[in-house]
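A.B. asks: Once you've had a glance at the structure underneath, I'll fire off some questions.
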Amino acid sequence: MKVYINGKLFDEKDAKISVFDHGLLYGDGIFEGIRIYDGCIFRLDQHIERLEKSARAIKLVLPWTHEELCNAVVEACVANDLHNGYIRQVVTRGEGNLGLNPKTCHDPQHIVIADKISLYPEEFYKNGMEIITVPTRRLSVAAFPPMVKSLNYLNNIMAKMEAQIFGFMEALMLNEEGYVAECTGDNFFIIEKGVLYTPPVNASSLAGITRGATLDAARELGIPCVEQNLTRYDCWTCDEAFLTGTAAEMVPVIAVDDRKVGNGKPGPITLKLLDVFRKTVRRDGRMVVYPKK
Ligand code: PMP
């Protein structure tokens, strides 16, 4: 596998970053997880826009244009002849001294890894998954905006570990006020009486690209969408539920906190949305031009 670092491609074993990089020392950096389907990089521009916004929010000045950031992703796919897979684009603050001060870092590092991914077992997509609310709360917007896709995921990892203690693979995270925020690496949706609900982004969730695609798919199907605060009660009593994310795509949720969602099977509206989503991912993005073999 070839890894892209600052405009050059390296063999996997030679792809290295300094141990003094503040991305490693402090999680000072940002990233994107992007999907490629049959040579089409899904919503690449939106991912790069979110990366640029994350950078602005943490005052990390990107020395690359929007197009250069897009091209790096394309280049990593071409170098690995990747037609279907997952792309991880990372920007770190760069090498600095051992103090927190970001001003000691002068050279942000840009890394792109293009590889395969399989997040959850296939069975979850067919039969749905059960999730559980965990004690760890999603970071408050006042502590650190969860809208920034930063390299510091310990808040989410703590929640994931708690879910695992109870024998679940995914956790539902509440925000400081006790409303539903999101899952550890995915957005959360419920359906009640034919209406699709998801928490607003300022409820401490990430503005997921898959979340946006799901809302678009719902509008295409004429399903009313509402972004509003959700309680655990809403999740326990809804008709259908599912989570969305670039790596996970759309996974039906069939139980929350040991309360069956609907009849305990992936719901009909969820499956319709999944069908539309699967179609859009192959047409809504940037087509990669691969060199002829
Ligand atoms: N929430 C969090 C915390 C995430 O890390 C992610 C991405 N894995 C998502 C939601 C889903 O966002 P997207 O659809 O853009 O992948």
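Lettering and numbering for the structure tokens are positional, with chains as A, B, ... in the shown order, residues counted from 1 in each chain, and ligands counted from 1 in the shown order.
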Give the residues close to ligand 1, within 10 Å, counting only C-alpha atoms and all ligand atoms; write them as number ranges by chain.

C.D. replies: A: 31-35, 43, 46-47, 50, 138, 146-151, 153, 155-157, 173, 181-188, 201, 204-214, 243-250

A.B. asks: For Cys235 (chain A), please output as a PyMOL selection string all residues within 8 Å (counting only C-alpha atoms; exclusion window: fewer than 5 positions along the same chain).

C.D. replies: chain A and resi 190+230+241+256+261

A.B. asks: Looking at A:Asn127, A:Thr65, A:Thr136, A:Asn202, which one is nearest to Leu174 (chain A), with distances taken over only C-alpha atoms?

C.D. replies: A:Thr136

A.B. asks: Rank nothing, just name the residue among A:Lys8, A:Thr231, A:Leu273, A:Met169 nearest to Glu130 (chain A), using only C-alpha atoms.

C.D. replies: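 Of A:Lys8, A:Thr231, A:Leu273, A:Met169, the one nearest Glu130 (chain A) is A:Met169, counting only C-alpha atoms.
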
A.B. asks: Can you list, as a ChimeraX atom specification, all residues belonging to region 14-231 of chain A that DSSP tags as strand (DSSP E)?

C.D. replies: /A:29-37,40-42,85-92,109-115,129-133,171-174,180-183,187-192,195-198,225-227

A.B. asks: Let's see if you can do this: from backbone DSSP, list all alpha helix (DSSP H) residues in region 30-169 of chain A, as a PDB file with N, CA, C and O atoms, in the first residue's frame.

C.D. replies:
ATOM      1  N   LEU A  44     -16.895  14.214  -1.973  1.00  0.00           N
ATOM      2  CA  LEU A  44     -15.525  14.642  -1.635  1.00  0.00           C
ATOM      3  C   LEU A  44     -15.471  16.119  -1.261  1.00  0.00           C
ATOM      4  O   LEU A  44     -14.842  16.492  -0.267  1.00  0.00           O
ATOM      5  N   ASP A  45     -16.138  16.971  -2.045  1.00  0.00           N
ATOM      6  CA  ASP A  45     -16.092  18.413  -1.753  1.00  0.00           C
ATOM      7  C   ASP A  45     -16.618  18.720  -0.352  1.00  0.00           C
ATOM      8  O   ASP A  45     -16.068  19.546   0.353  1.00  0.00           O
ATOM      9  N   GLN A  46     -17.690  18.037   0.024  1.00  0.00           N
ATOM     10  CA  GLN A  46     -18.262  18.276   1.365  1.00  0.00           C
ATOM     11  C   GLN A  46     -17.294  17.864   2.465  1.00  0.00           C
ATOM     12  O   GLN A  46     -17.184  18.521   3.500  1.00  0.00           O
ATOM     13  N   HIS A  47     -16.603  16.738   2.247  1.00  0.00           N
ATOM     14  CA  HIS A  47     -15.622  16.299   3.246  1.00  0.00           C
ATOM     15  C   HIS A  47     -14.504  17.327   3.387  1.00  0.00           C
ATOM     16  O   HIS A  47     -14.085  17.664   4.497  1.00  0.00           O
ATOM     17  N   ILE A  48     -14.039  17.817   2.243  1.00  0.00           N
ATOM     18  CA  ILE A  48     -12.922  18.778   2.299  1.00  0.00           C
ATOM     19  C   ILE A  48     -13.405  20.092   2.931  1.00  0.00           C
ATOM     20  O   ILE A  48     -12.682  20.709   3.715  1.00  0.00           O
ATOM     21  N   GLU A  49     -14.643  20.469   2.630  1.00  0.00           N
ATOM     22  CA  GLU A  49     -15.195  21.688   3.270  1.00  0.00           C
ATOM     23  C   GLU A  49     -15.235  21.526   4.790  1.00  0.00           C
ATOM     24  O   GLU A  49     -14.912  22.450   5.534  1.00  0.00           O
ATOM     25  N   ARG A  50     -15.657  20.336   5.234  1.00  0.00           N
ATOM     26  CA  ARG A  50     -15.711  20.111   6.689  1.00  0.00           C
ATOM     27  C   ARG A  50     -14.306  20.136   7.287  1.00  0.00           C
ATOM     28  O   ARG A  50     -14.089  20.682   8.368  1.00  0.00           O
ATOM     29  N   LEU A  51     -13.333  19.570   6.554  1.00  0.00           N
ATOM     30  CA  LEU A  51     -11.943  19.599   7.025  1.00  0.00           C
ATOM     31  C   LEU A  51     -11.460  21.047   7.145  1.00  0.00           C
ATOM     32  O   LEU A  51     -10.824  21.428   8.130  1.00  0.00           O
ATOM     33  N   GLU A  52     -11.807  21.843   6.145  1.00  0.00           N
ATOM     34  CA  GLU A  52     -11.387  23.254   6.159  1.00  0.00           C
ATOM     35  C   GLU A  52     -12.028  23.999   7.333  1.00  0.00           C
ATOM     36  O   GLU A  52     -11.387  24.841   7.968  1.00  0.00           O
ATOM     37  N   LYS A  53     -13.287  23.665   7.619  1.00  0.00           N
ATOM     38  CA  LYS A  53     -13.963  24.315   8.751  1.00  0.00           C
ATOM     39  C   LYS A  53     -13.350  23.867  10.073  1.00  0.00           C
ATOM     40  O   LYS A  53     -13.165  24.678  10.986  1.00  0.00           O
ATOM     41  N   SER A  54     -13.046  22.570  10.179  1.00  0.00           N
ATOM     42  CA  SER A  54     -12.395  22.070  11.394  1.00  0.00           C
ATOM     43  C   SER A  54     -11.079  22.811  11.597  1.00  0.00           C
ATOM     44  O   SER A  54     -10.747  23.224  12.715  1.00  0.00           O
ATOM     45  N   ALA A  55     -10.331  23.009  10.513  1.00  0.00           N
ATOM     46  CA  ALA A  55      -9.028  23.692  10.586  1.00  0.00           C
ATOM     47  C   ALA A  55      -9.214  25.127  11.070  1.00  0.00           C
ATOM     48  O   ALA A  55      -8.488  25.602  11.948  1.00  0.00           O
ATOM     49  N   ARG A  56     -10.225  25.804  10.503  1.00  0.00           N
ATOM     50  CA  ARG A  56     -10.467  27.196  10.917  1.00  0.00           C
ATOM     51  C   ARG A  56     -10.817  27.272  12.389  1.00  0.00           C
ATOM     52  O   ARG A  56     -10.360  28.148  13.114  1.00  0.00           O
ATOM     53  N   ALA A  57     -11.640  26.303  12.822  1.00  0.00           N
ATOM     54  CA  ALA A  57     -12.094  26.323  14.221  1.00  0.00           C
ATOM     55  C   ALA A  57     -10.925  26.167  15.194  1.00  0.00           C
ATOM     56  O   ALA A  57     -10.954  26.732  16.284  1.00  0.00           O
ATOM     57  N   HIS A  66      -8.323  24.121  -1.526  1.00  0.00           N
ATOM     58  CA  HIS A  66      -9.394  23.114  -1.537  1.00  0.00           C
ATOM     59  C   HIS A  66      -9.089  22.043  -2.591  1.00  0.00           C
ATOM     60  O   HIS A  66      -9.187  20.846  -2.335  1.00  0.00           O
ATOM     61  N   GLU A  67      -8.677  22.505  -3.767  1.00  0.00           N
ATOM     62  CA  GLU A  67      -8.423  21.584  -4.872  1.00  0.00           C
ATOM     63  C   GLU A  67      -7.224  20.680  -4.565  1.00  0.00           C
ATOM     64  O   GLU A  67      -7.249  19.478  -4.871  1.00  0.00           O
ATOM     65  N   GLU A  68      -6.201  21.255  -3.948  1.00  0.00           N
ATOM     66  CA  GLU A  68      -5.027  20.428  -3.593  1.00  0.00           C
ATOM     67  C   GLU A  68      -5.399  19.351  -2.567  1.00  0.00           C
ATOM     68  O   GLU A  68      -4.916  18.222  -2.639  1.00  0.00           O
ATOM     69  N   LEU A  69      -6.277  19.717  -1.643  1.00  0.00           N
ATOM     70  CA  LEU A  69      -6.713  18.730  -0.637  1.00  0.00           C
ATOM     71  C   LEU A  69      -7.530  17.619  -1.302  1.00  0.00           C
ATOM     72  O   LEU A  69      -7.389  16.445  -0.965  1.00  0.00           O
ATOM     73  N   CYS A  70      -8.370  18.006  -2.258  1.00  0.00           N
ATOM     74  CA  CYS A  70      -9.155  17.005  -3.011  1.00  0.00           C
ATOM     75  C   CYS A  70      -8.216  16.114  -3.821  1.00  0.00           C
ATOM     76  O   CYS A  70      -8.351  14.885  -3.828  1.00  0.00           O
ATOM     77  N   ASN A  71      -7.264  16.750  -4.503  1.00  0.00           N
ATOM     78  CA  ASN A  71      -6.370  15.995  -5.387  1.00  0.00           C
ATOM     79  C   ASN A  71      -5.536  14.973  -4.632  1.00  0.00           C
ATOM     80  O   ASN A  71      -5.236  13.900  -5.152  1.00  0.00           O
ATOM     81  N   ALA A  72      -5.182  15.297  -3.383  1.00  0.00           N
ATOM     82  CA  ALA A  72      -4.388  14.358  -2.583  1.00  0.00           C
ATOM     83  C   ALA A  72      -5.189  13.072  -2.343  1.00  0.00           C
ATOM     84  O   ALA A  72      -4.640  11.962  -2.383  1.00  0.00           O
ATOM     85  N   VAL A  73      -6.489  13.231  -2.131  1.00  0.00           N
ATOM     86  CA  VAL A  73      -7.352  12.065  -1.902  1.00  0.00           C
ATOM     87  C   VAL A  73      -7.424  11.221  -3.181  1.00  0.00           C
ATOM     88  O   VAL A  73      -7.281   9.995  -3.156  1.00  0.00           O
ATOM     89  N   VAL A  74      -7.603  11.923  -4.300  1.00  0.00           N
ATOM     90  CA  VAL A  74      -7.672  11.224  -5.595  1.00  0.00           C
ATOM     91  C   VAL A  74      -6.349  10.491  -5.841  1.00  0.00           C
ATOM     92  O   VAL A  74      -6.337   9.314  -6.234  1.00  0.00           O
ATOM     93  N   GLU A  75      -5.242  11.178  -5.591  1.00  0.00           N
ATOM     94  CA  GLU A  75      -3.924  10.597  -5.851  1.00  0.00           C
ATOM     95  C   GLU A  75      -3.701   9.317  -5.025  1.00  0.00           C
ATOM     96  O   GLU A  75      -3.168   8.328  -5.530  1.00  0.00           O
ATOM     97  N   ALA A  76      -4.136   9.338  -3.771  1.00  0.00           N
ATOM     98  CA  ALA A  76      -3.963   8.156  -2.914  1.00  0.00           C
ATOM     99  C   ALA A  76      -4.796   6.985  -3.446  1.00  0.00           C
ATOM    100  O   ALA A  76      -4.363   5.828  -3.387  1.00  0.00           O
ATOM    101  N   CYS A  77      -5.987   7.279  -3.992  1.00  0.00           N
ATOM    102  CA  CYS A  77      -6.832   6.209  -4.546  1.00  0.00           C
ATOM    103  C   CYS A  77      -6.182   5.634  -5.796  1.00  0.00           C
ATOM    104  O   CYS A  77      -6.126   4.414  -5.980  1.00  0.00           O
ATOM    105  N   VAL A  78      -5.682   6.522  -6.660  1.00  0.00           N
ATOM    106  CA  VAL A  78      -5.056   6.067  -7.912  1.00  0.00           C
ATOM    107  C   VAL A  78      -3.816   5.238  -7.580  1.00  0.00           C
ATOM    108  O   VAL A  78      -3.624   4.147  -8.124  1.00  0.00           O
ATOM    109  N   ALA A  79      -2.995   5.723  -6.654  1.00  0.00           N
ATOM    110  CA  ALA A  79      -1.739   5.031  -6.317  1.00  0.00           C
ATOM    111  C   ALA A  79      -2.001   3.617  -5.815  1.00  0.00           C
ATOM    112  O   ALA A  79      -1.183   2.724  -5.988  1.00  0.00           O
ATOM    113  N   GLU A 122     -21.580  -8.174   8.713  1.00  0.00           N
ATOM    114  CA  GLU A 122     -22.640  -8.089   7.699  1.00  0.00           C
ATOM    115  C   GLU A 122     -24.025  -8.318   8.326  1.00  0.00           C
ATOM    116  O   GLU A 122     -25.013  -7.695   7.934  1.00  0.00           O
ATOM    117  N   GLU A 123     -24.047  -9.173   9.311  1.00  0.00           N
ATOM    118  CA  GLU A 123     -25.314  -9.532   9.968  1.00  0.00           C
ATOM    119  C   GLU A 123     -26.061  -8.298  10.518  1.00  0.00           C
ATOM    120  O   GLU A 123     -27.293  -8.232  10.477  1.00  0.00           O
ATOM    121  N   PHE A 124     -25.305  -7.304  10.993  1.00  0.00           N
ATOM    122  CA  PHE A 124     -25.928  -6.098  11.547  1.00  0.00           C
ATOM    123  C   PHE A 124     -26.727  -5.341  10.489  1.00  0.00           C
ATOM    124  O   PHE A 124     -27.741  -4.718  10.786  1.00  0.00           O
ATOM    125  N   TYR A 125     -26.220  -5.375   9.248  1.00  0.00           N
ATOM    126  CA  TYR A 125     -26.897  -4.633   8.173  1.00  0.00           C
ATOM    127  C   TYR A 125     -28.211  -5.314   7.813  1.00  0.00           C
ATOM    128  O   TYR A 125     -29.170  -4.659   7.433  1.00  0.00           O
ATOM    129  N   LYS A 126     -28.216  -6.633   7.951  1.00  0.00           N
ATOM    130  CA  LYS A 126     -29.424  -7.396   7.604  1.00  0.00           C
ATOM    131  C   LYS A 126     -30.416  -7.423   8.768  1.00  0.00           C
ATOM    132  O   LYS A 126     -31.604  -7.183   8.593  1.00  0.00           O
ATOM    133  N   ASN A 127     -29.893  -7.692   9.954  1.00  0.00           N
ATOM    134  CA  ASN A 127     -30.787  -7.926  11.096  1.00  0.00           C
ATOM    135  C   ASN A 127     -30.827  -6.779  12.100  1.00  0.00           C
ATOM    136  O   ASN A 127     -31.630  -6.801  13.028  1.00  0.00           O
ATOM    137  N   LEU A 154     -10.859  10.549  22.481  1.00  0.00           N
ATOM    138  CA  LEU A 154     -10.964   9.802  23.745  1.00  0.00           C
ATOM    139  C   LEU A 154     -12.362   9.850  24.345  1.00  0.00           C
ATOM    140  O   LEU A 154     -12.807   8.891  24.970  1.00  0.00           O
ATOM    141  N   ASN A 155     -13.063  10.951  24.153  1.00  0.00           N
ATOM    142  CA  ASN A 155     -14.442  11.047  24.645  1.00  0.00           C
ATOM    143  C   ASN A 155     -15.290   9.911  24.049  1.00  0.00           C
ATOM    144  O   ASN A 155     -16.015   9.198  24.768  1.00  0.00           O
ATOM    145  N   ASN A 156     -15.126   9.702  22.759  1.00  0.00           N
ATOM    146  CA  ASN A 156     -15.899   8.668  22.067  1.00  0.00           C
ATOM    147  C   ASN A 156     -15.389   7.260  22.405  1.00  0.00           C
ATOM    148  O   ASN A 156     -16.168   6.320  22.544  1.00  0.00           O
ATOM    149  N   ILE A 157     -14.077   7.155  22.556  1.00  0.00           N
ATOM    150  CA  ILE A 157     -13.485   5.849  22.875  1.00  0.00           C
ATOM    151  C   ILE A 157     -13.924   5.382  24.268  1.00  0.00           C
ATOM    152  O   ILE A 157     -14.253   4.216  24.470  1.00  0.00           O
ATOM    153  N   MET A 158     -13.989   6.326  25.202  1.00  0.00           N
ATOM    154  CA  MET A 158     -14.474   5.982  26.556  1.00  0.00           C
ATOM    155  C   MET A 158     -15.894   5.420  26.476  1.00  0.00           C
ATOM    156  O   MET A 158     -16.232   4.438  27.138  1.00  0.00           O
ATOM    157  N   ALA A 159     -16.721   6.057  25.652  1.00  0.00           N
ATOM    158  CA  ALA A 159     -18.117   5.607  25.508  1.00  0.00           C
ATOM    159  C   ALA A 159     -18.162   4.224  24.866  1.00  0.00           C
ATOM    160  O   ALA A 159     -18.940   3.355  25.275  1.00  0.00           O
ATOM    161  N   LYS A 160     -17.328   4.013  23.866  1.00  0.00           N
ATOM    162  CA  LYS A 160     -17.279   2.714  23.180  1.00  0.00           C
ATOM    163  C   LYS A 160     -16.871   1.623  24.167  1.00  0.00           C
ATOM    164  O   LYS A 160     -17.455   0.539  24.191  1.00  0.00           O
ATOM    165  N   MET A 161     -15.879   1.924  24.991  1.00  0.00           N
ATOM    166  CA  MET A 161     -15.425   0.921  25.970  1.00  0.00           C
ATOM    167  C   MET A 161     -16.539   0.584  26.949  1.00  0.00           C
ATOM    168  O   MET A 161     -16.698  -0.562  27.343  1.00  0.00           O
ATOM    169  N   GLU A 162     -17.313   1.601  27.324  1.00  0.00           N
ATOM    170  CA  GLU A 162     -18.416   1.348  28.261  1.00  0.00           C
ATOM    171  C   GLU A 162     -19.469   0.442  27.627  1.00  0.00           C
ATOM    172  O   GLU A 162     -19.984  -0.469  28.274  1.00  0.00           O
ATOM    173  N   ALA A 163     -19.744   0.677  26.350  1.00  0.00           N
ATOM    174  CA  ALA A 163     -20.706  -0.190  25.653  1.00  0.00           C
ATOM    175  C   ALA A 163     -20.179  -1.629  25.646  1.00  0.00           C
ATOM    176  O   ALA A 163     -20.935  -2.582  25.885  1.00  0.00           O
ATOM    177  N   GLN A 164     -18.886  -1.759  25.415  1.00  0.00           N
ATOM    178  CA  GLN A 164     -18.289  -3.103  25.352  1.00  0.00           C
ATOM    179  C   GLN A 164     -18.382  -3.822  26.703  1.00  0.00           C
ATOM    180  O   GLN A 164     -18.580  -5.029  26.748  1.00  0.00           O
ATOM    181  N   ILE A 165     -18.262  -3.062  27.787  1.00  0.00           N
ATOM    182  CA  ILE A 165     -18.378  -3.676  29.120  1.00  0.00           C
ATOM    183  C   ILE A 165     -19.730  -4.388  29.242  1.00  0.00           C
ATOM    184  O   ILE A 165     -19.852  -5.452  29.824  1.00  0.00           O
TER     185      ILE A 165
END

A.B. asks: Quick one: residues within 7 Å of Ala255 (chain A), only C-alpha atoms counted, chain neighbours fewer than 3 positions away excluded, as a short mmCIF file (atom, residue, chain, number, x, y, z; two decimals) with all heavy atoms, in the first residue's frame?

C.D. replies:
data_model
loop_
_atom_site.label_atom_id
_atom_site.label_comp_id
_atom_site.auth_asym_id
_atom_site.auth_seq_id
_atom_site.Cartn_x
_atom_site.Cartn_y
_atom_site.Cartn_z
N GLU A 130 -28.13 -3.89 18.36
CA GLU A 130 -28.66 -3.38 19.62
C GLU A 130 -27.62 -2.42 20.21
O GLU A 130 -26.43 -2.70 20.15
CB GLU A 130 -28.90 -4.54 20.59
CG GLU A 130 -29.88 -5.55 20.01
CD GLU A 130 -30.28 -6.63 21.01
OE1 GLU A 130 -30.01 -6.46 22.21
OE2 GLU A 130 -30.86 -7.63 20.58
N ILE A 131 -28.07 -1.32 20.75
CA ILE A 131 -27.14 -0.36 21.34
C ILE A 131 -27.57 -0.01 22.76
O ILE A 131 -28.69 -0.33 23.18
CB ILE A 131 -26.99 0.92 20.48
CG1 ILE A 131 -28.32 1.67 20.38
CG2 ILE A 131 -26.47 0.59 19.10
CD1 ILE A 131 -28.18 3.03 19.69
N ASP A 258 -32.13 -2.24 25.86
CA ASP A 258 -32.95 -3.44 26.09
C ASP A 258 -34.45 -3.20 25.85
O ASP A 258 -35.27 -3.99 26.29
CB ASP A 258 -32.70 -4.00 27.50
CG ASP A 258 -32.93 -5.50 27.56
OD1 ASP A 258 -32.78 -6.16 26.51
OD2 ASP A 258 -33.29 -6.01 28.64
N ARG A 259 -34.78 -2.08 25.19
CA ARG A 259 -36.18 -1.87 24.75
C ARG A 259 -36.18 -2.10 23.25
O ARG A 259 -35.44 -1.44 22.51
CB ARG A 259 -36.65 -0.44 24.99
CG ARG A 259 -37.15 -0.16 26.38
CD ARG A 259 -36.04 0.13 27.29
NE ARG A 259 -36.43 0.84 28.51
CZ ARG A 259 -35.60 1.12 29.49
NH1 ARG A 259 -34.32 0.75 29.42
NH2 ARG A 259 -36.01 1.77 30.54
N LYS A 260 -37.03 -3.02 22.82
CA LYS A 260 -37.15 -3.33 21.39
C LYS A 260 -37.58 -2.09 20.63
O LYS A 260 -38.51 -1.39 21.05
CB LYS A 260 -38.24 -4.39 21.23
CG LYS A 260 -37.79 -5.60 20.45
CD LYS A 260 -38.99 -6.43 20.12
CE LYS A 260 -38.84 -7.83 20.66
NZ LYS A 260 -40.01 -8.66 20.30
N VAL A 261 -36.93 -1.81 19.51
CA VAL A 261 -37.39 -0.71 18.64
C VAL A 261 -38.41 -1.32 17.67
O VAL A 261 -38.10 -2.28 16.97
CB VAL A 261 -36.20 -0.10 17.85
CG1 VAL A 261 -36.71 0.86 16.79
CG2 VAL A 261 -35.24 0.61 18.80
N GLY A 264 -38.63 -5.02 16.60
CA GLY A 264 -37.33 -5.68 16.82
C GLY A 264 -36.65 -6.10 15.53
O GLY A 264 -35.67 -6.86 15.56
#
